[in-house]
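File shown: target.cif (mmCIF, C-alpha atoms and all ligand atoms).
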```
data_my_file
loop_
_atom_site.label_atom_id
_atom_site.label_comp_id
_atom_site.auth_asym_id
_atom_site.auth_seq_id
_atom_site.Cartn_x
_atom_site.Cartn_y
_atom_site.Cartn_z
CA MET F 246 5.32 3.43 18.25
CA ILE F 247 4.43 0.60 15.93
CA ASN F 248 4.64 1.20 12.20
CA ILE F 249 3.25 -1.50 9.97
CA VAL F 250 3.52 -1.84 6.20
CA LEU F 251 0.56 -3.73 4.78
CA PHE F 252 1.92 -5.45 1.73
CA GLY F 253 0.28 -7.31 -1.13
CA LYS F 254 -0.74 -7.24 -4.76
CA PRO F 255 -3.57 -5.04 -6.01
CA GLY F 256 -6.83 -6.56 -4.82
CA ALA F 257 -5.25 -8.55 -1.98
CA GLY F 258 -7.43 -6.78 0.59
CA LYS F 259 -5.01 -4.25 2.09
CA GLY F 260 -7.58 -1.43 2.23
CA THR F 261 -10.28 -3.66 3.70
CA GLN F 262 -7.99 -4.99 6.40
CA ALA F 263 -6.56 -1.55 7.16
CA GLU F 264 -10.06 -0.39 8.11
CA PHE F 265 -10.12 -3.00 10.91
CA LEU F 266 -6.50 -2.80 12.00
CA LYS F 267 -6.30 0.98 12.32
CA GLY F 268 -8.94 1.00 15.07
CA LYS F 269 -7.69 -2.11 16.78
CA TYR F 270 -4.10 -0.83 17.10
CA ASN F 271 -4.80 2.92 17.11
CA LEU F 272 -2.77 3.55 13.95
CA VAL F 273 -3.06 6.32 11.38
CA HIS F 274 -3.91 4.67 8.06
CA LEU F 275 -2.04 6.14 5.11
CA SER F 276 -3.07 4.75 1.74
CA THR F 277 -1.12 6.43 -1.06
CA GLY F 278 -3.71 5.23 -3.60
CA ASP F 279 -6.51 6.86 -1.57
CA ILE F 280 -4.53 10.09 -1.19
CA PHE F 281 -3.89 10.21 -4.95
CA ARG F 282 -7.58 9.56 -5.66
CA PHE F 283 -8.55 12.33 -3.23
CA ASN F 284 -6.26 14.69 -5.15
CA ILE F 285 -7.73 13.59 -8.49
CA LYS F 286 -11.24 14.22 -7.20
CA ASN F 287 -10.26 17.68 -6.02
CA GLU F 288 -8.42 18.43 -9.26
CA THR F 289 -5.17 19.44 -7.56
CA GLU F 290 -1.91 19.69 -9.52
CA LEU F 291 -0.74 16.53 -7.77
CA GLY F 292 -3.97 14.80 -8.78
CA LYS F 293 -3.61 15.81 -12.42
CA LEU F 294 -0.08 14.50 -12.51
CA ALA F 295 -0.87 11.25 -10.69
CA ARG F 296 -3.84 10.54 -12.92
CA THR F 297 -1.68 10.27 -16.04
CA TYR F 298 0.09 7.30 -14.45
CA MET F 299 -2.74 5.76 -12.47
CA ASP F 300 -5.15 5.56 -15.38
CA LYS F 301 -2.66 3.33 -17.20
CA GLY F 302 -1.91 1.22 -14.15
CA ASP F 303 1.65 2.58 -13.96
CA LEU F 304 3.29 3.60 -10.70
CA VAL F 305 3.46 7.32 -9.97
CA PRO F 306 7.14 8.45 -9.95
CA ASP F 307 9.02 7.89 -6.68
CA GLU F 308 9.94 11.52 -6.11
CA VAL F 309 6.31 12.66 -6.17
CA THR F 310 5.06 9.74 -4.07
CA ILE F 311 7.76 9.98 -1.42
CA LYS F 312 7.24 13.73 -0.98
CA MET F 313 3.50 13.24 -0.61
CA LEU F 314 3.88 10.42 1.93
CA GLN F 315 6.34 12.41 4.03
CA SER F 316 4.01 15.37 4.14
CA GLU F 317 1.14 13.09 5.30
CA VAL F 318 3.31 11.69 8.10
CA GLU F 319 4.25 15.24 9.14
CA LYS F 320 0.57 16.15 9.34
CA ASN F 321 0.08 13.45 12.00
CA GLN F 322 2.66 14.41 14.63
CA ASP F 323 0.57 12.90 17.44
CA ALA F 324 0.12 9.50 15.84
CA ALA F 325 0.75 6.44 17.99
CA GLY F 326 1.92 4.67 14.84
CA PHE F 327 1.22 4.33 11.14
CA LEU F 328 -0.34 1.71 8.95
CA PHE F 329 1.18 2.16 5.51
CA ASP F 330 -1.05 0.76 2.77
CA GLY F 331 0.26 0.74 -0.80
CA PHE F 332 3.55 2.34 0.24
CA PRO F 333 6.40 1.60 -0.23
CA ARG F 334 6.06 0.07 -3.69
CA THR F 335 9.68 0.37 -4.83
CA ILE F 336 13.08 -0.12 -3.22
CA ALA F 337 13.74 3.63 -3.54
CA GLN F 338 10.53 4.34 -1.60
CA ALA F 339 11.43 1.81 1.10
CA GLU F 340 14.89 3.30 1.50
CA ALA F 341 13.50 6.82 1.63
CA LEU F 342 10.97 5.72 4.26
CA ASP F 343 13.69 4.16 6.44
CA VAL F 344 15.82 7.31 6.22
CA PHE F 345 12.83 9.57 6.89
CA LEU F 346 11.64 7.57 9.92
CA ALA F 347 15.19 7.48 11.29
CA THR F 348 15.22 11.28 11.33
CA LYS F 349 12.30 10.94 13.77
CA ASN F 350 14.04 8.24 15.80
CA ASP F 351 11.49 5.84 14.44
CA LYS F 352 11.40 2.79 12.18
CA ILE F 353 9.22 0.22 10.44
CA THR F 354 8.24 -2.43 12.96
CA ALA F 355 7.04 -5.04 10.46
CA THR F 356 5.81 -5.63 6.94
CA VAL F 357 2.86 -7.99 6.70
CA ALA F 358 1.87 -9.40 3.34
CA LEU F 359 -1.52 -10.68 2.26
CA GLU F 360 -0.87 -13.55 -0.12
CA ALA F 361 -3.23 -14.58 -2.91
CA ASN F 362 -3.16 -16.12 -6.32
CA ASP F 363 -3.06 -13.70 -9.32
CA GLU F 364 -6.08 -15.15 -11.11
CA ILE F 365 -8.27 -14.82 -8.02
CA LEU F 366 -7.10 -11.22 -7.62
CA VAL F 367 -7.70 -10.21 -11.24
CA ALA F 368 -11.26 -11.56 -10.98
CA ARG F 369 -11.72 -9.70 -7.67
CA LEU F 370 -10.53 -6.40 -9.17
CA LEU F 371 -12.79 -6.71 -12.22
CA GLU F 372 -15.68 -7.32 -9.84
CA ARG F 373 -14.68 -4.31 -7.71
CA GLY F 374 -14.42 -2.21 -10.88
CA LYS F 375 -18.16 -2.62 -11.44
CA THR F 376 -18.84 -0.49 -8.36
CA SER F 377 -15.61 1.32 -7.44
CA GLY F 378 -15.69 3.64 -10.45
CA ARG F 379 -11.92 3.23 -10.66
CA PRO F 380 -10.73 3.22 -14.30
CA ASP F 381 -7.73 1.09 -13.30
CA ASP F 382 -10.10 -1.65 -12.01
CA GLN F 383 -12.25 -1.83 -15.12
CA ASP F 384 -9.90 -2.92 -17.84
CA GLU F 385 -8.10 -6.25 -17.71
CA GLU F 386 -5.11 -4.87 -19.61
CA LYS F 387 -4.60 -2.11 -17.02
CA ILE F 388 -4.98 -4.63 -14.22
CA ARG F 389 -2.35 -6.88 -15.83
CA ASN F 390 -0.07 -3.85 -16.13
CA ARG F 391 -0.47 -3.18 -12.41
CA TYR F 392 0.63 -6.76 -11.75
CA GLN F 393 3.62 -6.29 -14.02
CA GLU F 394 4.56 -3.14 -12.11
CA TYR F 395 4.15 -5.12 -8.88
CA ASN F 396 6.32 -8.01 -10.06
CA GLU F 397 9.08 -5.77 -11.40
CA LYS F 398 9.21 -3.00 -8.83
CA THR F 399 7.35 -4.03 -5.68
CA ALA F 400 8.08 -7.76 -5.26
CA PRO F 401 11.80 -7.05 -4.53
CA LEU F 402 10.67 -5.42 -1.28
CA MET F 403 9.98 -8.86 0.17
CA ASP F 404 13.70 -9.49 0.08
CA TYR F 405 14.45 -5.97 1.35
CA TYR F 406 12.34 -6.48 4.48
CA THR F 407 13.32 -10.14 4.93
CA LYS F 408 16.94 -9.03 5.19
CA GLN F 409 15.87 -6.70 8.00
CA ASN F 410 13.96 -9.60 9.65
CA LYS F 411 10.73 -7.66 9.28
CA PHE F 412 8.79 -9.63 6.69
CA TYR F 413 5.72 -11.71 7.59
CA ALA F 414 3.11 -13.23 5.31
CA VAL F 415 -0.41 -14.49 5.91
CA ASP F 416 -2.86 -16.30 3.68
CA GLY F 417 -5.07 -13.59 2.15
CA ILE F 418 -7.85 -15.94 1.10
CA GLY F 419 -10.75 -16.45 3.51
CA SER F 420 -13.34 -14.40 5.32
CA ILE F 421 -12.49 -10.79 6.19
CA ALA F 422 -12.68 -11.63 9.91
CA ASP F 423 -10.40 -14.67 9.57
CA ILE F 424 -7.81 -12.62 7.73
CA THR F 425 -7.96 -9.82 10.34
CA GLU F 426 -7.35 -12.55 12.93
CA ARG F 427 -4.29 -13.86 11.05
CA LEU F 428 -2.85 -10.35 10.74
CA SER F 429 -3.57 -9.60 14.40
CA LYS F 430 -1.69 -12.73 15.48
CA VAL F 431 1.40 -11.46 13.68
CA ILE F 432 1.08 -7.94 15.09
CA ASP F 433 0.39 -9.14 18.65
CA ASN F 434 3.59 -11.17 18.58
CA LEU F 435 5.87 -8.36 17.41
P1 LIG B 1 -3.86 1.40 -4.96
O1 LIG B 1 -5.08 2.11 -4.53
O2 LIG B 1 -2.89 1.15 -3.83
O3 LIG B 1 -4.14 0.15 -5.74
O4 LIG B 1 -3.08 2.39 -5.94
C1 LIG B 1 -3.66 2.83 -7.14
C2 LIG B 1 -2.61 3.47 -8.03
O5 LIG B 1 -2.06 4.60 -7.37
C3 LIG B 1 -1.41 2.60 -8.38
O6 LIG B 1 -1.67 1.75 -9.48
C4 LIG B 1 -0.38 3.67 -8.73
O7 LIG B 1 -0.63 4.25 -9.99
C5 LIG B 1 -0.67 4.73 -7.68
N1 LIG B 1 0.10 4.50 -6.44
C6 LIG B 1 -0.40 4.21 -5.21
N2 LIG B 1 0.59 4.05 -4.32
C7 LIG B 1 1.75 4.24 -5.01
C8 LIG B 1 3.13 4.18 -4.66
N3 LIG B 1 3.51 3.88 -3.41
N4 LIG B 1 4.03 4.41 -5.63
C9 LIG B 1 3.66 4.72 -6.88
N5 LIG B 1 2.39 4.76 -7.29
C10 LIG B 1 1.43 4.53 -6.36
#
```
Represent the structure of the file as structure tokens.
Ligand code: AMP
Amino acid sequence: MINIVLFGKPGAGKGTQAEFLKGKYNLVHLSTGDIFRFNIKNETELGKLARTYMDKGDLVPDEVTIKMLQSEVEKNQDAAGFLFDGFPRTIAQAEALDVFLATKNDKITATVALEANDEILVARLLERGKTSGRPDDQDEEKIRNRYQEYNEKTAPLMDYYTKQNKFYAVDGIGSIADITERLSKVIDNL
């Protein structure tokens, strides 16, 4: 099994790249943001709760997010591997994921980050907000808050995975195909 964490700031292109990588490597793509948005659309209890955080650009509490992610993994017993997109976003989530995968005699193979400059990303998100309909993409203050959440809570994961010798980074600026190629090079060499 190969389990990849796609890592990067909001707008770095994780979702776009996941669409290509999941087919290429036969991985189940789990995007916690997409799963939350699906729940919001369907007005589930989880969706109602998540929305109160997401609309402000805050992270959804760990307990809720971890439980949801674990249940999604359980639903895919036959998976050849997972592509985690937008999870983990805190040290507590990363630790919980390691413990959970270990109970299945499994582990994270690698974390691959898409690197890009903040100002480019903010502009990209505002542009995406014109068509995505996402409230958290339409307001610069909310976007900045998402970056603050990233810097405070998610950035420490780089160190967490580096210590496990599992952290790789590629330049996230360029054509979609070029970036898929850069990510593939990392994955092919694992
Ligand atoms: P994304 O689509 O990955 O940009 O996520 C959109 C929003 O969903 C984030 O700003 C958070 O509010 C929430 N979210 C997604 N993934 C997580 C996570 N792993 N932990 C906490 N909140 C999350």
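Between ligand LIG 1 (chain B) and the candidates F:Tyr270, F:Ala325, F:Arg379, F:Asn248, the tightest atom-to-atom separation, counting only C-alpha atoms and all ligand atoms, involves F:Arg379.
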What are the nearest atom pairs, with distances in Å to one decimal, for all residues of chain F that come at most 6 Å from ligand LIG 1 (chain B), using only C-alpha atoms and all ligand atoms, set out by chain and rising residue number as CSV?
```
residue,atom,partner,partner_atom,distance
F:Pro255,CA,B:LIG1,O3,5.2
F:Thr277,CA,B:LIG1,N2,4.4
F:Gly278,CA,B:LIG1,O1,3.5
F:Asp279,CA,B:LIG1,O1,5.8
F:Tyr298,CA,B:LIG1,O7,5.5
F:Met299,CA,B:LIG1,O7,3.6
F:Gly302,CA,B:LIG1,O6,4.7
F:Asp303,CA,B:LIG1,O7,4.9
F:Leu304,CA,B:LIG1,N5,3.7
F:Val305,CA,B:LIG1,N5,3.9
F:Pro306,CA,B:LIG1,C9,6.0
F:Thr310,CA,B:LIG1,N4,5.6
F:Gly331,CA,B:LIG1,O2,4.4
F:Phe332,CA,B:LIG1,N3,4.0
F:Pro333,CA,B:LIG1,N3,4.9
F:Arg334,CA,B:LIG1,N3,4.6
F:Arg391,CA,B:LIG1,O6,5.9
```
Ser276 (chain F) environment, 12 Å, only C-alpha atoms, sequence neighbours closer than 2 positions dropped, as a VMD selection string: chain F and resid 250 to 252 259 to 264 267 273 to 274 278 to 283 310 313 to 314 317 to 318 327 to 334
Selected residue of minimal separation from Ser420 (chain F) among F:Gly258, F:Glu372, F:Ile336, F:Lys301, counting all atoms listed in the file: F:Gly258
For each of F:Thr335, F:Glu290, F:Val415, F:Lys375, take the minimum atom-to-atom distance to Tyr395 (chain F), counting all atoms listed in the file, then give the residue where this is smallest. F:Thr335
